[in-house]
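Chemist: One file: protein.txt (compact mmCIF, C-alpha atoms).
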```txt
# COMPACT_ATOMS: atom_id res chain seq x y z
CA MET H 27 76.72 98.67 63.28
CA LEU H 28 77.60 98.18 59.64
CA GLN H 29 79.99 101.11 59.76
CA HIS H 30 81.84 99.55 62.70
CA VAL H 31 82.24 96.29 60.74
CA TRP H 32 83.49 98.20 57.70
CA GLU H 33 85.95 100.29 59.72
CA ARG H 34 87.40 97.25 61.52
CA ALA H 35 87.66 95.23 58.31
CA SER H 36 89.50 98.19 56.78
CA GLN H 37 92.26 97.64 59.36
CA THR H 38 93.24 94.23 57.97
CA ARG H 39 96.62 93.80 56.36
CA TYR H 40 95.73 91.47 53.49
CA LEU H 41 92.46 92.81 52.09
CA THR H 42 93.01 94.97 49.01
CA ASP H 43 89.38 96.01 48.52
CA LEU H 44 86.27 96.15 50.67
CA VAL H 45 82.73 96.03 49.28
CA ILE H 46 79.34 95.90 50.99
CA ALA H 47 76.92 93.61 49.13
CA THR H 48 73.23 94.17 49.85
CA ASP H 49 69.80 93.98 48.23
CA ASP H 50 68.42 96.80 50.41
CA ASP H 51 68.54 100.38 49.12
CA ARG H 52 68.42 101.73 52.69
CA ILE H 53 71.63 99.86 53.50
CA ARG H 54 73.18 101.10 50.24
CA ARG H 55 72.46 104.73 51.14
CA ALA H 56 73.76 104.32 54.69
CA ALA H 57 76.95 102.61 53.52
CA GLU H 58 77.66 105.22 50.86
CA GLY H 59 77.08 107.84 53.54
CA PHE H 60 80.17 106.70 55.45
CA GLY H 61 82.25 106.22 52.31
CA ALA H 62 81.89 102.50 51.61
CA LYS H 63 81.80 100.92 48.18
CA VAL H 64 78.47 99.12 47.62
CA ILE H 65 77.16 96.50 45.20
CA LEU H 66 73.40 96.00 44.94
CA THR H 67 72.55 92.33 44.45
CA ARG H 68 69.41 90.40 43.65
CA ASP H 69 66.91 89.96 46.46
CA ASP H 70 66.23 86.25 45.91
CA HIS H 71 69.47 84.73 47.22
CA ALA H 72 69.01 81.72 49.49
CA SER H 73 72.19 82.40 51.49
CA GLY H 74 74.93 84.91 52.13
CA THR H 75 77.32 82.79 50.06
CA ASP H 76 75.06 83.16 47.02
CA ARG H 77 75.02 86.94 47.51
CA VAL H 78 78.81 87.07 47.85
CA ALA H 79 79.16 84.94 44.71
CA GLU H 80 77.12 87.44 42.72
CA ALA H 81 79.21 90.33 44.03
CA ALA H 82 82.44 88.43 43.30
CA SER H 83 81.42 87.81 39.69
CA ALA H 84 82.07 91.50 39.00
CA SER H 85 85.55 91.34 40.54
CA THR H 86 88.90 90.06 39.31
CA ALA H 87 90.11 89.21 42.83
CA THR H 88 91.45 85.66 43.13
CA VAL H 89 90.52 85.33 46.82
CA ILE H 90 87.21 86.54 48.29
CA VAL H 91 86.43 86.98 52.00
CA ASN H 92 82.86 86.89 53.30
CA ILE H 93 82.61 89.07 56.42
CA GLN H 94 79.28 89.14 58.22
CA GLY H 95 77.75 92.62 58.52
CA ASP H 96 76.34 91.96 61.98
CA GLU H 97 79.63 91.63 63.91
CA PRO H 98 80.67 95.19 64.84
CA MET H 99 83.57 93.94 66.99
CA ILE H 100 85.14 91.74 64.31
CA ASP H 101 88.87 91.30 64.86
CA PRO H 102 91.01 92.40 61.86
CA PHE H 103 93.70 89.91 62.91
CA ALA H 104 91.16 87.07 62.75
CA ILE H 105 90.32 88.03 59.16
CA ASP H 106 94.00 88.01 58.22
CA ALA H 107 94.50 84.65 59.95
CA ALA H 108 91.70 83.06 57.93
CA ILE H 109 93.21 84.37 54.70
CA LEU H 110 96.72 83.18 55.52
CA GLY H 111 95.40 79.75 56.51
CA MET H 112 94.67 78.83 52.90
CA LEU H 113 96.58 81.41 50.88
CA HIS H 114 99.63 79.27 50.11
CA ASP H 115 97.82 75.96 49.51
CA GLU H 116 96.17 76.03 46.11
CA ASN H 117 94.46 72.71 46.79
CA VAL H 118 92.31 74.31 49.50
CA PRO H 119 89.44 76.30 47.96
CA MET H 120 87.81 77.54 51.16
CA GLY H 121 88.82 78.65 54.66
CA THR H 122 87.18 79.64 57.93
CA LEU H 123 87.79 80.01 61.68
CA LYS H 124 87.20 78.15 64.93
CA LYS H 125 87.48 79.07 68.61
CA ARG H 126 87.88 76.78 71.59
CA ILE H 127 84.66 76.62 73.61
CA GLU H 128 85.09 77.86 77.16
CA ARG H 129 81.47 77.74 78.37
CA ALA H 130 80.06 74.24 78.89
CA ASP H 131 76.52 75.29 77.93
CA GLU H 132 77.69 76.16 74.40
CA ILE H 133 78.66 72.54 73.74
CA THR H 134 75.03 71.40 73.82
CA ASN H 135 73.54 74.62 72.40
CA PRO H 136 72.32 73.92 68.82
CA GLY H 137 72.68 77.62 68.07
CA VAL H 138 76.44 77.25 68.49
CA VAL H 139 77.88 75.35 65.53
CA LYS H 140 80.71 72.98 66.44
CA VAL H 141 83.54 71.85 64.15
CA VAL H 142 86.11 69.03 64.21
CA THR H 143 89.27 69.05 62.10
CA ASP H 144 92.06 66.70 60.99
CA HIS H 145 95.76 67.05 61.82
CA GLN H 146 96.26 69.45 58.88
CA GLY H 147 93.50 71.77 60.09
CA ASN H 148 90.95 70.71 57.48
CA ALA H 149 87.32 70.42 58.53
CA LEU H 150 85.98 66.92 59.03
CA TYR H 151 82.47 68.01 59.97
CA PHE H 152 80.33 70.88 61.25
CA SER H 153 77.36 70.18 63.50
CA ARG H 154 74.83 71.72 65.83
CA SER H 155 75.30 68.66 68.03
CA PRO H 156 78.24 68.18 70.43
CA ILE H 157 81.22 66.86 68.45
CA PRO H 158 83.29 64.98 69.32
CA PHE H 159 80.90 62.87 71.35
CA ARG H 160 82.60 61.63 74.53
CA ARG H 161 81.44 58.03 74.83
CA ASP H 162 82.81 57.31 78.30
CA HIS H 163 81.05 59.75 80.61
CA ALA H 164 82.81 58.16 83.58
CA GLN H 165 86.19 59.57 82.61
CA GLU H 166 88.22 61.37 85.20
CA ASP H 167 87.67 65.13 85.23
CA SER H 168 91.18 65.68 83.94
CA ASP H 169 90.45 63.52 80.89
CA ALA H 170 87.16 65.32 80.30
CA GLU H 171 88.90 68.68 80.36
CA ALA H 172 91.37 67.39 77.76
CA THR H 173 88.51 66.90 75.27
CA ALA H 174 88.58 70.08 73.23
CA TYR H 175 85.38 71.44 71.69
CA PHE H 176 85.54 74.17 69.09
CA LYS H 177 82.82 76.44 67.78
CA HIS H 178 82.72 77.64 64.22
CA ILE H 179 83.22 81.35 63.56
CA GLY H 180 81.17 82.30 60.50
CA LEU H 181 83.78 84.08 58.43
CA TYR H 182 84.67 82.50 55.08
CA VAL H 183 87.52 82.79 52.59
CA TYR H 184 87.03 81.46 49.05
CA ARG H 185 89.06 81.10 45.91
CA ARG H 186 87.11 82.97 43.26
CA ASP H 187 86.48 80.09 40.83
CA PHE H 188 85.22 77.87 43.66
CA LEU H 189 82.94 80.60 45.03
CA LEU H 190 81.35 81.26 41.63
CA ALA H 191 80.63 77.54 41.25
CA TYR H 192 79.39 77.11 44.83
CA PRO H 193 75.72 78.09 44.30
CA ASP H 194 75.43 75.36 41.64
CA LEU H 195 76.83 72.55 43.82
CA PRO H 196 74.15 70.01 44.76
CA VAL H 197 72.70 70.36 48.25
CA GLY H 198 73.17 67.11 50.17
CA PRO H 199 71.33 65.46 53.05
CA LEU H 200 73.81 66.70 55.67
CA GLU H 201 73.32 70.35 54.72
CA GLN H 202 69.57 69.81 54.67
CA ALA H 203 69.58 68.17 58.09
CA GLU H 204 71.90 70.61 59.86
CA ARG H 205 70.90 73.72 57.88
CA LEU H 206 74.59 74.58 57.51
CA GLU H 207 75.60 75.74 54.04
CA GLN H 208 79.33 75.06 54.59
CA LEU H 209 78.54 71.34 54.60
CA ARG H 210 77.85 71.68 50.86
CA ALA H 211 81.60 71.95 50.28
CA LEU H 212 82.39 68.85 52.36
CA GLU H 213 79.58 66.78 50.85
CA ASN H 214 80.92 67.57 47.38
CA GLY H 215 84.48 66.55 48.26
CA PHE H 216 86.09 69.98 48.81
CA ARG H 217 88.39 70.82 51.69
CA ILE H 218 87.83 73.67 54.15
CA ARG H 219 90.90 74.93 56.02
CA VAL H 220 90.02 75.91 59.60
CA VAL H 221 92.27 78.27 61.57
CA GLU H 222 92.02 78.59 65.34
CA THR H 223 91.49 82.09 66.71
CA GLU H 224 90.92 83.75 70.07
CA TYR H 225 88.28 86.01 68.53
CA GLU H 226 84.91 85.60 70.24
CA SER H 227 82.21 86.04 67.63
CA LEU H 228 79.50 88.47 68.74
CA GLY H 229 76.84 88.55 66.06
CA VAL H 230 73.80 90.81 66.45
CA ASP H 231 70.57 88.94 65.70
CA THR H 232 68.20 90.56 68.23
CA PRO H 233 67.75 93.92 70.01
CA GLU H 234 69.12 92.25 73.15
CA ASP H 235 72.26 91.22 71.25
CA TRP H 236 72.69 94.83 70.15
CA ARG H 237 72.39 96.14 73.70
CA MET H 238 75.00 93.64 74.91
CA VAL H 239 77.45 94.41 72.11
CA SER H 240 76.91 98.17 72.55
CA ALA H 241 77.77 97.88 76.25
CA LEU H 242 80.93 95.90 75.43
CA PHE H 243 81.89 98.41 72.76
CA ASP H 244 81.42 101.35 75.15
CA LYS H 245 83.52 99.56 77.78
CA THR H 246 86.28 98.94 75.22
CA MET H 247 86.32 102.58 74.17
CA VAL H 248 86.52 103.75 77.82
CA SER H 249 89.42 101.37 78.56
CA LYS H 250 91.36 102.83 75.63
```
Starting from the file, give its structure as structure tokens.

Modeler:
Amino acid sequence: MLQHVWERASQTRYLTDLVIATDDDRIRRAAEGFGAKVILTRDDHASGTDRVAEAASASTATVIVNIQGDEPMIDPFAIDAAILGMLHDENVPMGTLKKRIERADEITNPGVVKVVTDHQGNALYFSRSPIPFRRDHAQEDSDAEATAYFKHIGLYVYRRDFLLAYPDLPVGPLEQAERLEQLRALENGFRIRVVETEYESLGVDTPEDWRMVSALFDKTMVSK
């Protein structure tokens, strides 16, 4: 699975280096076995962002992308889109992705994080609850369909200085309540640029997830 992520991320246009950050020696050996560059980090990090920050401290890159290692079908174009979304605006220290929700059950699913943005594409809030909340439930169906809900895709782009300072930012009540680390940036007054994508995130958290993704991957390979 990790090799698939690495190979797909290698197809991006704007990444100049690709490193796997892990605290597990088994993962290090496996990654080096397929030719990846690996950094061993501490094993006491509270989040993936903290781990990426440690890895980034040894780099001179000005922009760092955090790609999850459990998404073997990650879209290289989605990675590039997230980078471009904040690359030319120095006042934006962090970027990420969103996708329009197409399944109604995902709107109320707390496992699917929702996001709302302003007219410039900056995040207003992330939540496990349905946002926006449609107050008038008696709206015509056509009006209801016009209410767009977007889910957050957990890929992050950071400017290096911001990323290195991120672990030391105070954790606020919103992050504590929602258990969403990206809220730390918003609670501390930083902007997050959110780019819309068609990429459907397929993270592998359970053996059942792996079986589903494996079947989709096999189908994709056959169709090619």

Chemist: Separation of atom CA of H:Asp144 and atom CA of H:Arg161, in Å?

Modeler: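 Those two atoms sit 19.5 Å apart.
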
Chemist: Would you kindly return, as a ChimeraX atom specification, each protein, DNA or RNA residue with an atom no farther than 10 Å from any atom of stretch 110-123 of chain H, considering only C-alpha atoms and excluding same-chain residues fewer than 5 positions away?

Modeler: /H:40,89-92,104-105,141,147-149,176-189,208,211,216-225

Chemist: Rounded to one decimal in Å, what is the spacing between atom CA of H:Ile127 and atom CA of H:Glu213?

Modeler: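 Between atom CA of H:Ile127 and atom CA of H:Glu213 the gap is 25.3 Å.
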
Chemist: Let me make sure I understand: among H:Ile100, H:Leu209, H:Ile109, H:Ala62, which one has the smallest atom-to-atom distance to H:Arg154 if we use only C-alpha atoms?

Modeler: H:Leu209

Chemist: Which value, in Å to one decimal, gives the distance between atom CA of H:Asp69 and atom CA of H:Thr48?

Modeler: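 Distance reported for this atom pair: 8.3 Å.
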
Chemist: From the list H:Arg39, H:Leu28, H:Arg55, H:His145, which residue is nearest H:Ile93 when using only C-alpha atoms?

Modeler: H:Leu28

Chemist: When distances are computed from all atoms listed in the file, which of H:Ala84, H:Asp162, H:Pro199, H:Gly95 shows the smallest separation from H:Ile53?

Modeler: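 Nearest to H:Ile53: H:Gly95.
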
Chemist: Could you list, as an NGL selection string, every residue within 12 Å of H:Asp76, counting all atoms listed in the file and ignoring same-chain residues fewer than 3 positions away?

Modeler: :H and (47-48 or 67-73 or 79-83 or 92 or 188-195 or 207-208)

Chemist: Closest to H:Ile46 among H:Leu242, H:Ile65, H:Val230, H:Ala130, using only C-alpha atoms?

Modeler: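 When distances to H:Ile46 are compared using only C-alpha atoms, the smallest one comes from H:Ile65.
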
Chemist: Can you tell me which residues surround H:Ala56 at a distance of at most 12 Å, considering only C-alpha atoms, apart from same-chain residues fewer than 4 positions away, and format the answer as a ChimeraX atom specification?

Modeler: /H:27-29,32,46,48,50-52,60-64

Chemist: Smallest atom-to-atom distance to H:Ala174: which of H:Val197, H:Leu66, H:Leu150, H:Ile133, using all atoms listed in the file?

Modeler: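 Checking each candidate against H:Ala174, we get H:Ile133 as the closest.
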
Chemist: Once you add 4 Å to each side, what are the centre and edge lengths of the axis-aligned box holding all listed atoms of stretch 232-235 of chain H? One decimal in Å, as JSON, if you can.

Modeler:
```
{"center_x": 70.0, "center_y": 92.2, "center_z": 70.7, "size_x": 12.5, "size_y": 11.4, "size_z": 12.9}
```

Chemist: Tell me which protein, DNA and RNA residues are within 10 Å of H:Pro156, counting all atoms listed in the file, leaving out same-chain ones fewer than 4 positions away, and put them as a list of chain:residue names.

Modeler: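 Everything that qualifies: H:Glu132, H:Ile133, H:Thr134, H:Asn135, H:Pro136, H:Val138, H:Val139, H:Lys140, H:Val141, H:Phe152, H:Arg160, H:Tyr175, H:Phe176, H:Lys177.
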
Chemist: Deliver the residues from the most recent selection as a file, using C-alpha atoms, as a compact mmCIF listing (two decimals), in the coordinates of the input.

Modeler:
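Output file again32.txt is given in full below:
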```
# COMPACT_ATOMS: atom_id res chain seq x y z
CA GLU H 132 77.69 76.16 74.40
CA ILE H 133 78.66 72.54 73.74
CA THR H 134 75.03 71.40 73.82
CA ASN H 135 73.54 74.62 72.40
CA PRO H 136 72.32 73.92 68.82
CA VAL H 138 76.44 77.25 68.49
CA VAL H 139 77.88 75.35 65.53
CA LYS H 140 80.71 72.98 66.44
CA VAL H 141 83.54 71.85 64.15
CA PHE H 152 80.33 70.88 61.25
CA ARG H 160 82.60 61.63 74.53
CA TYR H 175 85.38 71.44 71.69
CA PHE H 176 85.54 74.17 69.09
CA LYS H 177 82.82 76.44 67.78
```

Chemist: Could you complete stretch 133-146 of chain H so that it carries N, CA, C and O atoms, and give it back as a PDB file, keeping the file's coordinate frame?

Modeler:
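Result file is out33.pdb:
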```pdb
ATOM      1  N   ILE H 133      78.421  73.831  74.370  1.00  0.00           N
ATOM      2  CA  ILE H 133      78.660  72.540  73.740  1.00  0.00           C
ATOM      3  C   ILE H 133      77.354  71.891  73.304  1.00  0.00           C
ATOM      4  O   ILE H 133      77.263  71.278  72.240  1.00  0.00           O
ATOM      5  N   THR H 134      76.320  72.017  74.120  1.00  0.00           N
ATOM      6  CA  THR H 134      75.030  71.400  73.820  1.00  0.00           C
ATOM      7  C   THR H 134      74.032  72.366  73.179  1.00  0.00           C
ATOM      8  O   THR H 134      72.913  71.968  72.855  1.00  0.00           O
ATOM      9  N   ASN H 135      74.423  73.608  72.985  1.00  0.00           N
ATOM     10  CA  ASN H 135      73.540  74.620  72.400  1.00  0.00           C
ATOM     11  C   ASN H 135      73.519  74.455  70.874  1.00  0.00           C
ATOM     12  O   ASN H 135      74.535  74.665  70.215  1.00  0.00           O
ATOM     13  N   PRO H 136      72.369  74.102  70.277  1.00  0.00           N
ATOM     14  CA  PRO H 136      72.320  73.920  68.820  1.00  0.00           C
ATOM     15  C   PRO H 136      72.531  75.213  68.047  1.00  0.00           C
ATOM     16  O   PRO H 136      72.811  75.181  66.845  1.00  0.00           O
ATOM     17  N   GLY H 137      72.420  76.347  68.722  1.00  0.00           N
ATOM     18  CA  GLY H 137      72.680  77.620  68.070  1.00  0.00           C
ATOM     19  C   GLY H 137      74.155  77.915  67.910  1.00  0.00           C
ATOM     20  O   GLY H 137      74.537  78.815  67.170  1.00  0.00           O
ATOM     21  N   VAL H 138      74.985  77.139  68.603  1.00  0.00           N
ATOM     22  CA  VAL H 138      76.440  77.250  68.490  1.00  0.00           C
ATOM     23  C   VAL H 138      76.934  76.091  67.642  1.00  0.00           C
ATOM     24  O   VAL H 138      76.852  74.931  68.049  1.00  0.00           O
ATOM     25  N   VAL H 139      77.431  76.395  66.451  1.00  0.00           N
ATOM     26  CA  VAL H 139      77.880  75.350  65.530  1.00  0.00           C
ATOM     27  C   VAL H 139      79.271  74.873  65.930  1.00  0.00           C
ATOM     28  O   VAL H 139      80.183  75.679  66.117  1.00  0.00           O
ATOM     29  N   LYS H 140      79.418  73.559  66.081  1.00  0.00           N
ATOM     30  CA  LYS H 140      80.710  72.980  66.440  1.00  0.00           C
ATOM     31  C   LYS H 140      81.426  72.448  65.191  1.00  0.00           C
ATOM     32  O   LYS H 140      80.780  72.128  64.189  1.00  0.00           O
ATOM     33  N   VAL H 141      82.743  72.353  65.272  1.00  0.00           N
ATOM     34  CA  VAL H 141      83.540  71.850  64.150  1.00  0.00           C
ATOM     35  C   VAL H 141      84.654  70.947  64.675  1.00  0.00           C
ATOM     36  O   VAL H 141      85.212  71.195  65.755  1.00  0.00           O
ATOM     37  N   VAL H 142      84.960  69.890  63.932  1.00  0.00           N
ATOM     38  CA  VAL H 142      86.110  69.030  64.210  1.00  0.00           C
ATOM     39  C   VAL H 142      86.998  69.027  62.979  1.00  0.00           C
ATOM     40  O   VAL H 142      86.508  69.104  61.840  1.00  0.00           O
ATOM     41  N   THR H 143      88.310  68.953  63.193  1.00  0.00           N
ATOM     42  CA  THR H 143      89.270  69.050  62.100  1.00  0.00           C
ATOM     43  C   THR H 143      90.281  67.912  62.145  1.00  0.00           C
ATOM     44  O   THR H 143      90.458  67.257  63.178  1.00  0.00           O
ATOM     45  N   ASP H 144      90.994  67.698  61.027  1.00  0.00           N
ATOM     46  CA  ASP H 144      92.060  66.700  60.990  1.00  0.00           C
ATOM     47  C   ASP H 144      93.376  67.330  61.426  1.00  0.00           C
ATOM     48  O   ASP H 144      93.420  68.497  61.842  1.00  0.00           O
ATOM     49  N   HIS H 145      94.470  66.553  61.333  1.00  0.00           N
ATOM     50  CA  HIS H 145      95.760  67.050  61.820  1.00  0.00           C
ATOM     51  C   HIS H 145      96.308  68.193  60.966  1.00  0.00           C
ATOM     52  O   HIS H 145      97.199  68.932  61.405  1.00  0.00           O
ATOM     53  N   GLN H 146      95.806  68.346  59.746  1.00  0.00           N
ATOM     54  CA  GLN H 146      96.260  69.450  58.880  1.00  0.00           C
ATOM     55  C   GLN H 146      95.371  70.687  59.026  1.00  0.00           C
ATOM     56  O   GLN H 146      95.601  71.682  58.350  1.00  0.00           O
TER      57      GLN H 146
END
```
